[in-house]
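> My structure is in input38.cif, and what it holds is mmCIF, C-alpha atoms:
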data_final
loop_
_atom_site.label_atom_id
_atom_site.label_comp_id
_atom_site.auth_asym_id
_atom_site.auth_seq_id
_atom_site.Cartn_x
_atom_site.Cartn_y
_atom_site.Cartn_z
CA MET P 1 83.78 -4.85 -19.97
CA GLN P 2 83.18 -6.49 -23.34
CA ARG P 3 83.60 -4.46 -26.53
CA GLU P 4 82.61 -5.03 -30.12
CA PRO P 5 84.75 -3.43 -32.87
CA LEU P 6 83.16 -0.66 -34.94
CA VAL P 7 83.97 0.69 -38.40
CA PHE P 8 83.25 4.15 -39.85
CA PHE P 9 82.57 5.10 -43.48
CA GLY P 10 83.02 8.82 -44.16
CA THR P 11 83.75 11.46 -46.73
CA CYS P 12 85.71 14.67 -46.29
CA ASP P 13 82.90 17.08 -47.07
CA LEU P 14 82.51 20.73 -48.10
CA ALA P 15 83.48 21.83 -44.59
CA GLY P 16 86.69 19.78 -44.77
CA LEU P 17 85.40 17.45 -42.04
CA VAL P 18 85.09 13.68 -42.27
CA ARG P 19 81.46 12.79 -41.72
CA GLY P 20 79.52 9.60 -42.26
CA LYS P 21 78.23 6.56 -40.37
CA GLY P 22 79.57 3.70 -38.27
CA PHE P 23 78.46 0.09 -37.78
CA PRO P 24 79.64 -3.18 -36.19
CA ALA P 25 82.78 -4.53 -37.83
CA ALA P 26 81.03 -7.91 -38.18
CA ASP P 27 78.88 -6.33 -40.91
CA LEU P 28 81.88 -5.06 -42.89
CA PRO P 29 81.73 -7.49 -45.85
CA ALA P 30 78.13 -6.54 -46.60
CA ARG P 31 78.75 -2.85 -46.00
CA LEU P 32 81.76 -2.82 -48.32
CA ARG P 33 79.42 -4.11 -51.02
CA ASP P 34 76.32 -2.06 -50.24
CA GLY P 35 77.62 1.04 -48.45
CA VAL P 36 75.61 3.03 -45.90
CA GLY P 37 72.76 5.42 -46.44
CA LEU P 38 73.00 9.19 -46.70
CA THR P 39 70.75 12.05 -47.73
CA HIS P 40 71.48 14.91 -50.13
CA SER P 41 71.35 17.64 -47.50
CA ASN P 42 74.10 15.98 -45.46
CA ILE P 43 76.58 17.71 -47.80
CA MET P 44 75.24 21.06 -46.52
CA MET P 45 76.20 20.44 -42.88
CA SER P 46 78.22 23.50 -41.92
CA ALA P 47 81.62 23.58 -40.26
CA PHE P 48 79.81 24.51 -37.05
CA GLY P 49 77.27 21.70 -37.27
CA PRO P 50 73.85 22.98 -38.35
CA ILE P 51 72.53 22.87 -41.89
CA TYR P 52 71.91 26.60 -42.29
CA GLU P 53 70.54 26.33 -45.82
CA THR P 54 70.07 23.56 -48.35
CA PRO P 55 68.81 23.40 -51.93
CA PHE P 56 67.99 19.70 -51.49
CA GLY P 57 65.34 19.74 -48.78
CA THR P 58 64.44 16.62 -46.82
CA GLU P 59 63.80 14.26 -49.71
CA GLY P 60 66.03 11.75 -51.44
CA ASP P 61 68.56 9.08 -50.57
CA LEU P 62 72.18 8.48 -51.46
CA VAL P 63 74.85 5.91 -50.57
CA LEU P 64 78.27 6.30 -49.01
CA ARG P 65 80.30 3.59 -50.77
CA PRO P 66 83.84 3.07 -49.43
CA ASP P 67 87.00 2.82 -51.48
CA PRO P 68 88.69 -0.35 -50.15
CA SER P 69 92.13 1.16 -50.87
CA THR P 70 91.52 3.79 -48.18
CA LYS P 71 91.17 1.32 -45.32
CA VAL P 72 92.62 2.58 -42.03
CA GLU P 73 93.00 0.28 -39.05
CA VAL P 74 95.35 1.56 -36.38
CA GLU P 75 95.49 0.03 -32.92
CA PHE P 76 95.96 2.18 -29.82
CA GLY P 77 96.58 -0.37 -27.10
CA GLU P 78 93.69 -0.51 -24.67
CA ASP P 79 91.98 2.43 -26.37
CA ALA P 80 89.57 1.82 -29.22
CA ALA P 81 91.27 1.42 -32.57
CA GLU P 82 90.81 3.78 -35.50
CA ARG P 83 88.90 1.82 -38.14
CA PHE P 84 87.55 3.79 -41.06
CA TYR P 85 87.27 3.97 -44.83
CA LEU P 86 86.92 7.03 -47.06
CA ALA P 87 83.93 6.88 -49.32
CA ASP P 88 82.31 8.25 -52.46
CA ILE P 89 78.78 9.63 -52.41
CA MET P 90 76.76 7.59 -54.91
CA THR P 91 73.21 7.66 -56.20
CA LEU P 92 70.94 4.67 -55.64
CA ASP P 93 71.51 3.52 -59.20
CA GLY P 94 75.28 3.34 -58.64
CA ALA P 95 76.41 6.59 -60.29
CA HIS P 96 78.71 9.14 -58.65
CA TRP P 97 76.59 11.93 -57.18
CA GLU P 98 77.23 15.26 -58.85
CA CYS P 99 78.01 16.99 -55.53
CA CYS P 100 80.52 14.44 -54.22
CA PRO P 101 83.82 16.17 -53.25
CA ARG P 102 85.81 13.04 -54.01
CA ASP P 103 84.34 12.85 -57.49
CA PHE P 104 85.15 16.53 -58.09
CA LEU P 105 88.81 15.50 -57.90
CA ARG P 106 88.28 12.24 -59.80
CA ARG P 107 86.73 14.10 -62.73
CA ALA P 108 89.59 16.63 -62.76
CA LEU P 109 92.22 13.91 -62.80
CA GLY P 110 90.33 12.03 -65.49
CA ALA P 111 90.15 15.12 -67.67
CA LEU P 112 93.86 15.82 -67.15
CA GLU P 113 94.79 12.32 -68.26
CA GLY P 114 92.22 12.10 -71.04
CA GLU P 115 92.95 15.49 -72.61
CA ALA P 116 96.64 15.98 -71.88
CA GLY P 117 97.92 12.48 -71.19
CA LEU P 118 99.16 13.59 -67.76
CA THR P 119 99.03 12.22 -64.24
CA LEU P 120 99.71 13.99 -60.96
CA LEU P 121 102.43 13.23 -58.41
CA ALA P 122 101.83 15.27 -55.26
CA ALA P 123 101.77 15.56 -51.47
CA PHE P 124 100.24 17.87 -48.89
CA GLU P 125 102.43 19.65 -46.34
CA GLN P 126 100.26 20.36 -43.28
CA GLU P 127 100.71 22.64 -40.27
CA PHE P 128 98.81 22.42 -36.99
CA VAL P 129 98.95 23.52 -33.36
CA TYR P 130 99.50 20.81 -30.75
CA THR P 131 97.97 21.75 -27.42
CA GLY P 132 100.08 19.26 -25.46
CA VAL P 133 103.15 21.49 -25.37
CA GLU P 134 103.86 24.71 -23.47
CA ASP P 135 104.48 27.82 -25.55
CA ARG P 136 107.89 29.23 -24.67
CA PRO P 137 109.89 32.08 -26.20
CA GLY P 138 112.47 31.01 -28.75
CA ALA P 139 110.70 27.76 -29.61
CA THR P 140 110.54 28.52 -33.34
CA TYR P 141 112.05 25.53 -35.21
CA ALA P 142 113.83 24.69 -31.96
CA LEU P 143 115.10 21.33 -30.79
CA ASP P 144 113.54 22.19 -27.44
CA ALA P 145 110.08 22.49 -28.99
CA TRP P 146 110.69 19.30 -30.93
CA ARG P 147 111.67 17.55 -27.68
CA ARG P 148 108.85 18.87 -25.50
CA GLN P 149 106.05 17.44 -27.66
CA GLY P 150 107.00 14.22 -25.87
CA ALA P 151 105.54 11.01 -27.24
CA PHE P 152 103.22 12.71 -29.72
CA GLY P 153 105.60 12.88 -32.68
CA GLU P 154 106.74 9.28 -32.48
CA ALA P 155 103.22 8.01 -31.90
CA TYR P 156 102.02 10.11 -34.83
CA MET P 157 104.68 8.76 -37.19
CA ALA P 158 103.83 5.20 -36.12
CA ALA P 159 100.11 5.83 -36.67
CA LEU P 160 100.73 7.26 -40.14
CA ARG P 161 102.80 4.24 -41.13
CA ALA P 162 100.24 1.83 -39.69
CA ALA P 163 97.57 3.65 -41.71
CA GLY P 164 99.52 2.95 -44.91
CA LEU P 165 101.25 6.32 -45.36
CA ASN P 166 104.96 6.98 -45.81
CA PRO P 167 106.05 9.78 -43.39
CA ASP P 168 108.72 12.19 -44.57
CA SER P 169 109.26 14.80 -41.84
CA PHE P 170 107.97 16.12 -38.52
CA LEU P 171 109.21 19.44 -37.16
CA PRO P 172 108.43 22.41 -34.94
CA GLU P 173 107.24 25.33 -37.06
CA TYR P 174 107.24 29.13 -36.85
CA GLY P 175 104.14 29.67 -34.72
CA ALA P 176 103.43 29.03 -31.06
CA ARG P 177 103.05 25.27 -30.41
CA GLN P 178 102.96 24.78 -34.17
CA TYR P 179 104.24 21.66 -35.92
CA GLU P 180 104.40 20.50 -39.50
CA VAL P 181 104.25 17.04 -40.99
CA THR P 182 104.97 15.93 -44.54
CA ILE P 183 104.57 12.61 -46.26
CA HIS P 184 106.18 11.25 -49.41
CA PRO P 185 104.31 12.02 -52.64
CA SER P 186 101.57 9.81 -54.01
CA ARG P 187 99.61 9.72 -57.23
CA GLY P 188 96.13 10.74 -58.28
CA MET P 189 93.25 10.24 -55.86
CA ARG P 190 95.57 8.75 -53.28
CA VAL P 191 97.15 12.20 -52.75
CA ALA P 192 93.96 13.62 -51.25
CA ASP P 193 93.08 10.39 -49.45
CA GLU P 194 96.42 10.51 -47.66
CA ALA P 195 95.97 14.20 -46.78
CA VAL P 196 92.69 13.33 -45.05
CA ILE P 197 94.20 10.35 -43.26
CA GLN P 198 97.21 12.46 -42.27
CA ARG P 199 94.95 14.97 -40.48
CA GLU P 200 92.82 12.34 -38.82
CA MET P 201 95.82 10.45 -37.47
CA ALA P 202 97.13 13.67 -35.88
CA ARG P 203 93.77 14.20 -34.22
CA ALA P 204 93.54 10.56 -33.19
CA VAL P 205 96.96 10.50 -31.53
CA ALA P 206 96.51 13.87 -29.84
CA TYR P 207 93.10 12.80 -28.50
CA ARG P 208 94.51 9.65 -26.94
CA LEU P 209 97.19 11.75 -25.25
CA GLY P 210 94.55 14.07 -23.81
CA HIS P 211 95.22 16.97 -26.18
CA ARG P 212 94.25 18.38 -29.59
CA ALA P 213 95.89 18.83 -32.96
CA ILE P 214 94.27 22.03 -34.26
CA PHE P 215 94.32 22.53 -38.03
CA ALA P 216 92.28 25.77 -38.04
CA PRO P 217 93.65 28.33 -40.54
CA ILE P 218 94.69 30.71 -37.77
CA LEU P 219 94.04 30.82 -34.02
CA ASP P 220 94.76 34.50 -33.43
CA PRO P 221 93.99 37.10 -36.14
CA ASP P 222 97.32 38.74 -35.34
CA GLY P 223 99.23 35.49 -35.04
CA VAL P 224 100.74 32.85 -37.31
CA GLY P 225 98.52 30.76 -39.55
CA ASN P 226 98.39 27.06 -40.34
CA GLY P 227 98.89 26.44 -44.04
CA THR P 228 98.18 23.28 -46.01
CA HIS P 229 100.60 23.53 -48.91
CA LEU P 230 100.41 21.31 -51.97
CA HIS P 231 103.59 20.16 -53.74
CA PHE P 232 103.03 18.70 -57.19
CA SER P 233 104.55 17.70 -60.51
CA LEU P 234 103.18 16.17 -63.70
CA ARG P 235 104.10 12.91 -65.43
CA ASP P 236 103.37 11.72 -68.96
CA ARG P 237 101.97 8.35 -70.04
CA ASP P 238 105.46 6.87 -69.88
CA ASP P 239 105.77 8.12 -66.28
CA LYS P 240 108.37 10.70 -67.27
CA PRO P 241 108.45 14.17 -65.63
CA VAL P 242 107.27 16.90 -68.00
CA MET P 243 107.49 20.20 -66.09
CA TYR P 244 111.24 20.86 -66.06
CA ASP P 245 113.31 22.76 -68.62
CA ALA P 246 116.51 24.32 -67.26
CA ALA P 247 116.81 26.70 -70.23
CA ARG P 248 113.45 28.44 -69.79
CA PRO P 249 112.13 31.06 -67.32
CA TYR P 250 111.45 29.59 -63.89
CA ARG P 251 112.85 26.29 -65.31
CA LEU P 252 109.32 25.48 -66.48
CA SER P 253 108.77 23.57 -69.69
CA PRO P 254 106.15 24.97 -72.10
CA LEU P 255 103.62 22.48 -70.72
CA GLY P 256 104.63 23.29 -67.14
CA GLU P 257 104.23 26.99 -67.86
CA GLN P 258 100.75 26.47 -69.25
CA PHE P 259 99.67 24.47 -66.20
CA ALA P 260 101.16 27.03 -63.80
CA ALA P 261 99.68 29.93 -65.76
CA GLY P 262 96.23 28.38 -65.51
CA ILE P 263 96.55 28.20 -61.73
CA VAL P 264 97.80 31.79 -61.50
CA HIS P 265 95.01 33.01 -63.79
CA HIS P 266 92.27 31.36 -61.71
CA LEU P 267 93.78 32.01 -58.26
CA PRO P 268 91.48 34.95 -57.38
CA SER P 269 88.50 32.60 -57.73
CA ILE P 270 89.81 29.18 -56.65
CA VAL P 271 90.93 30.56 -53.29
CA ALA P 272 87.22 30.34 -52.41
CA ILE P 273 87.76 26.55 -52.62
CA THR P 274 91.31 26.19 -51.28
CA ALA P 275 91.10 28.81 -48.50
CA PRO P 276 87.37 28.56 -47.82
CA SER P 277 86.81 30.02 -44.35
CA ALA P 278 86.37 33.53 -43.01
CA ALA P 279 89.46 32.98 -40.85
CA SER P 280 91.55 31.95 -43.88
CA TYR P 281 91.84 35.58 -44.91
CA PHE P 282 93.33 36.68 -41.59
CA ARG P 283 96.26 34.45 -42.55
CA LEU P 284 96.53 35.78 -46.11
CA ARG P 285 97.77 39.23 -45.12
CA PRO P 286 101.02 41.10 -45.80
CA ASN P 287 104.09 40.27 -43.71
CA ARG P 288 102.73 36.86 -42.62
CA TRP P 289 104.92 34.63 -44.81
CA ALA P 290 101.66 33.89 -46.60
CA PRO P 291 100.53 34.80 -50.13
CA THR P 292 98.70 38.03 -50.92
CA TRP P 293 99.12 38.14 -54.72
CA ALA P 294 98.20 35.69 -57.47
CA ASN P 295 101.80 35.20 -58.54
CA LEU P 296 104.45 32.63 -59.23
CA GLY P 297 107.85 33.12 -57.61
CA ALA P 298 111.12 31.24 -57.68
CA GLN P 299 111.90 29.96 -54.17
CA ASP P 300 109.68 32.68 -52.66
CA ARG P 301 107.49 31.64 -49.74
CA GLY P 302 105.45 34.81 -50.16
CA ALA P 303 104.29 33.69 -53.60
CA SER P 304 101.01 31.89 -54.17
CA LEU P 305 102.72 29.40 -56.44
CA ARG P 306 106.35 28.68 -55.60
CA VAL P 307 109.02 27.12 -57.78
CA CYS P 308 110.75 24.88 -55.26
CA PRO P 309 114.50 24.37 -54.99
CA ILE P 310 116.01 21.16 -56.34
CA PHE P 311 117.93 18.97 -53.93
CA GLY P 312 119.88 16.22 -55.67
CA GLU P 313 119.70 14.64 -59.08
CA PRO P 314 118.17 14.05 -61.52
CA ALA P 315 116.76 17.57 -61.51
CA ALA P 316 113.71 16.83 -63.65
CA GLU P 317 112.59 14.10 -61.23
CA ARG P 318 112.86 16.39 -58.21
CA PHE P 319 111.44 19.56 -59.73
CA ASN P 320 108.04 20.59 -58.32
CA LEU P 321 105.76 23.53 -57.68
CA GLU P 322 104.13 24.39 -54.37
CA TYR P 323 100.60 25.81 -54.14
CA ARG P 324 100.52 27.85 -50.93
CA VAL P 325 97.03 29.37 -50.75
CA ALA P 326 95.31 26.49 -48.98
CA ASP P 327 94.40 25.48 -45.44
CA ALA P 328 92.61 22.69 -43.63
CA ALA P 329 89.18 24.31 -43.78
CA ALA P 330 89.21 22.89 -47.32
CA SER P 331 88.50 19.31 -48.23
CA PRO P 332 91.70 18.03 -49.85
CA TYR P 333 89.56 16.65 -52.67
CA MET P 334 88.13 20.09 -53.38
CA ALA P 335 91.46 21.91 -53.00
CA LEU P 336 93.44 19.52 -55.18
CA GLY P 337 90.60 19.30 -57.67
CA ALA P 338 90.50 23.08 -58.04
CA VAL P 339 94.25 23.25 -58.67
CA VAL P 340 94.06 20.48 -61.28
CA TRP P 341 91.06 22.02 -63.06
CA ALA P 342 92.77 25.44 -63.14
CA GLY P 343 96.03 23.97 -64.43
CA LEU P 344 94.22 21.96 -67.09
CA ASP P 345 92.46 25.13 -68.23
CA GLY P 346 95.92 26.66 -68.67
CA ILE P 347 96.83 23.77 -70.98
CA ARG P 348 93.53 24.02 -72.86
CA GLN P 349 93.92 27.78 -73.39
CA LYS P 350 97.72 27.64 -73.84
CA ARG P 351 98.10 30.32 -71.18
CA THR P 352 101.46 31.95 -70.51
CA LEU P 353 103.01 33.55 -67.45
CA PRO P 354 104.06 37.20 -67.23
CA SER P 355 107.77 37.70 -67.80
CA PRO P 356 109.83 37.39 -64.61
CA PRO P 357 110.03 40.85 -63.00
CA GLU P 358 113.25 42.73 -63.56
CA ARG P 359 113.46 43.61 -59.88
CA ASN P 360 112.43 41.99 -56.63
CA PHE P 361 108.67 41.49 -56.58
CA TRP P 362 108.37 42.80 -53.04
CA ASP P 363 110.26 46.00 -53.88
CA MET P 364 107.62 46.86 -56.48
CA SER P 365 104.63 49.05 -55.71
CA GLU P 366 101.14 47.57 -55.93
CA ALA P 367 100.58 49.58 -59.11
CA ASP P 368 103.79 48.19 -60.60
CA ARG P 369 102.73 44.64 -59.79
CA GLU P 370 99.34 45.08 -61.41
CA ALA P 371 100.97 46.73 -64.42
CA ALA P 372 103.14 43.61 -64.71
CA GLY P 373 99.98 41.51 -64.99
CA VAL P 374 99.78 40.27 -61.39
CA LYS P 375 96.42 40.33 -59.59
CA PRO P 376 95.96 40.73 -55.83
CA LEU P 377 94.27 37.91 -53.96
CA PRO P 378 90.85 38.68 -52.53
CA ARG P 379 90.91 40.08 -49.00
CA SER P 380 87.90 38.13 -47.71
CA LEU P 381 85.97 34.95 -48.33
CA GLY P 382 83.04 37.02 -49.54
CA ASP P 383 85.19 38.62 -52.25
CA ALA P 384 86.60 35.23 -53.22
CA LEU P 385 83.10 33.75 -53.53
CA ASP P 386 82.07 36.65 -55.76
CA ASN P 387 85.08 35.91 -57.98
CA LEU P 388 84.19 32.23 -58.06
CA GLU P 389 80.59 32.96 -59.00
CA ASP P 390 81.80 35.09 -61.91
CA SER P 391 84.00 32.27 -63.25
CA ALA P 392 82.39 30.46 -66.18
CA ALA P 393 85.24 27.94 -66.09
CA ALA P 394 84.60 27.06 -62.43
CA ARG P 395 80.90 26.61 -63.11
CA GLU P 396 81.84 24.07 -65.77
CA TRP P 397 84.21 22.25 -63.40
CA PHE P 398 81.52 21.91 -60.74
CA GLY P 399 78.39 21.52 -62.86
CA ASP P 400 75.43 23.83 -62.22
CA THR P 401 73.90 22.00 -59.25
CA PHE P 402 77.16 21.59 -57.33
CA PHE P 403 78.27 25.13 -58.19
CA ARG P 404 75.11 26.70 -56.76
CA ALA P 405 75.19 24.43 -53.71
CA TYR P 406 78.81 25.28 -52.91
CA LEU P 407 78.22 29.04 -53.14
CA GLN P 408 75.08 28.75 -51.00
CA PHE P 409 76.92 26.61 -48.46
CA LYS P 410 79.80 29.05 -48.02
CA ARG P 411 77.67 32.20 -47.96
CA ALA P 412 75.49 30.66 -45.28
CA GLU P 413 78.66 30.01 -43.26
CA LEU P 414 79.59 33.68 -43.54
CA ARG P 415 76.12 34.77 -42.39
CA ALA P 416 76.47 32.51 -39.34
CA LEU P 417 79.53 34.58 -38.31
CA LYS P 418 77.90 37.96 -38.83
CA GLY P 419 78.55 40.38 -35.97
CA LEU P 420 81.59 38.54 -34.61
CA VAL P 421 84.96 40.28 -34.30
CA PRO P 422 88.05 38.59 -35.83
CA SER P 423 89.17 36.96 -32.56
CA GLN P 424 85.72 35.43 -32.09
CA ILE P 425 85.72 34.16 -35.66
CA CYS P 426 89.11 32.50 -35.08
CA ASP P 427 87.77 30.90 -31.89
CA ARG P 428 84.80 29.45 -33.76
CA TYR P 429 87.03 27.75 -36.32
CA ALA P 430 89.61 26.65 -33.74
CA ALA P 431 86.87 24.83 -31.83
CA VAL P 432 86.04 22.85 -34.98
CA TYR P 433 89.33 22.19 -36.78
#
Could you write out this file's structure as structure tokens?


Amino acid sequence: MQREPLVFFGTCDLAGLVRGKGFPAADLPARLRDGVGLTHSNIMMSAFGPIYETPFGTEGDLVLRPDPSTKVEVEFGEDAAERFYLADIMTLDGAHWECCPRDFLRRALGALEGEAGLTLLAAFEQEFVYTGVEDRPGATYALDAWRRQGAFGEAYMAALRAAGLNPDSFLPEYGARQYEVTIHPSRGMRVADEAVIQREMARAVAYRLGHRAIFAPILDPDGVGNGTHLHFSLRDRDDKPVMYDAARPYRLSPLGEQFAAGIVHHLPSIVAITAPSAASYFRLRPNRWAPTWANLGAQDRGASLRVCPIFGEPAAERFNLEYRVADAAASPYMALGAVVWAGLDGIRQKRTLPSPPERNFWDMSEADREAAGVKPLPRSLGDALDNLEDSAAAREWFGDTFFRAYLQFKRAELRALKGLVPSQICDRYAAVY
């Protein structure tokens, strides 16, 4: 049987799924120049497939134009190769479309550099369930669970490296059949590009082994969730780290405190972007090793924003924060963009953090935490969307058209789940992610 190579151009959209168009690889030079066509309402395709609602109607045309730096070409022996590029959504006159997720991040990074002279060094830490391994008692972090995934891990690491990423770790995690993969940090837009590629390579390898890598936020409402944690630090124009000061609370410099305080301040609203599914909030419950309060904590995996430990020297180079209220229902461009916009607002407003609590945060009552200036996270996507809608800052980050479209998109997703019990909701997302 003869075969002709194909290439795919796609963008990781509001549902956190890579969607776009494919074509014969022979046409690649022209397509790299001209892109492929798209329509405005494509951005309103739900996680479950249908366009439930759209403010754009049936009219209008756009262009998916690939970023050549995102090229992925990974061979899989006799199976078809993975050949794709990640793309921006552009207008016909060559401008970035106002509702492009990739440009949401680009604008945030541009504002951070233009206003504060800062760039971002970051990486996503992603958890998923691999269906190709039997769930056995005692498998948590176990060598046995690491062994029984068979060829998947090694094939996955090879695929990541062939796709241009630099793998850091692969390990069995806390949940049933759950694994985690990390890559070395990158800079700017490349951080989110690599997070998308990282997910797609896991799915690609699992598929070719006859299984799935499931990135859904949680598979069982009473089980263990899959987080997508973001580790980050800031660098100045001389590429020097700027967040570390050993003499100050949390070891955060004044600039680092402002950036962190902006994130903490906006957490009750930006979770609608970083944890954007109905199932996300089954994970964000007490006693799940997942955040439930909009707080910063030193080496506390229950905190929304964690000050990470420092391994090795120099300390300033290794110091980073971890944003923990995210999952793979979010487009990495949207999630990272929201964190950057919130942090930049902290710098703009010169926000400060509450004083470190005098006793263990988790020994405090809810009233004591609120009295200390800490807000609870919303308990549902609906509540988070209400918070987002009330945020004048977020409206500015998005722009009016994108802001209204995003809220409409996510509320339509919630209506599509109306009447389902939590286990059914988890099943819907697990079938997709």

> Return the single residue from P:Ala430, P:Pro24, P:Phe361, P:Gly117 that is closest to Phe215 (chain P), with distances computed using only C-alpha atoms.

P:Ala430

> To test your reading of the syntax: which residues would the PyMOL selection byres ((chain P and resi 246) around 12) return for the file shown? Reply as a list in words.

Val242, Met243, Tyr244, Asp245, Ala247, Arg248, Pro249, Tyr250, Arg251, Leu252, Ser253, Pro254, Gly256, Ile310, Pro314, Ala315, Ala316 and Phe319 of chain P

> Go ahead and compute the interatomic distance for CA of Pro217 (chain P) and CA of Ser46 (chain P), in Å to one decimal.

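One can read the CA of Pro217 (chain P) to CA of Ser46 (chain P) distance as 16.2 Å.
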
> Excluding region 401-405 of chain P and its own-chain neighbours fewer than 4 positions away, which residues fall within 10 Å of it when counting all atoms listed in the file? Please give them as a PyMOL selection string.

chain P and resi 14+41+43-44+53-56+97-101+104+388-389+394-397+409-411

> With distances taken over only C-alpha atoms, which of P:Ala275, P:Ala260, P:Ile89, P:Ala372 is nearest to Ala342 (chain P)?

P:Ala260

> When you count all atoms listed in the file, which of these residues is closest to Gly382 (chain P): P:Tyr333, P:Phe8, P:Tyr281, P:Phe170?

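Closest candidate: P:Tyr281.
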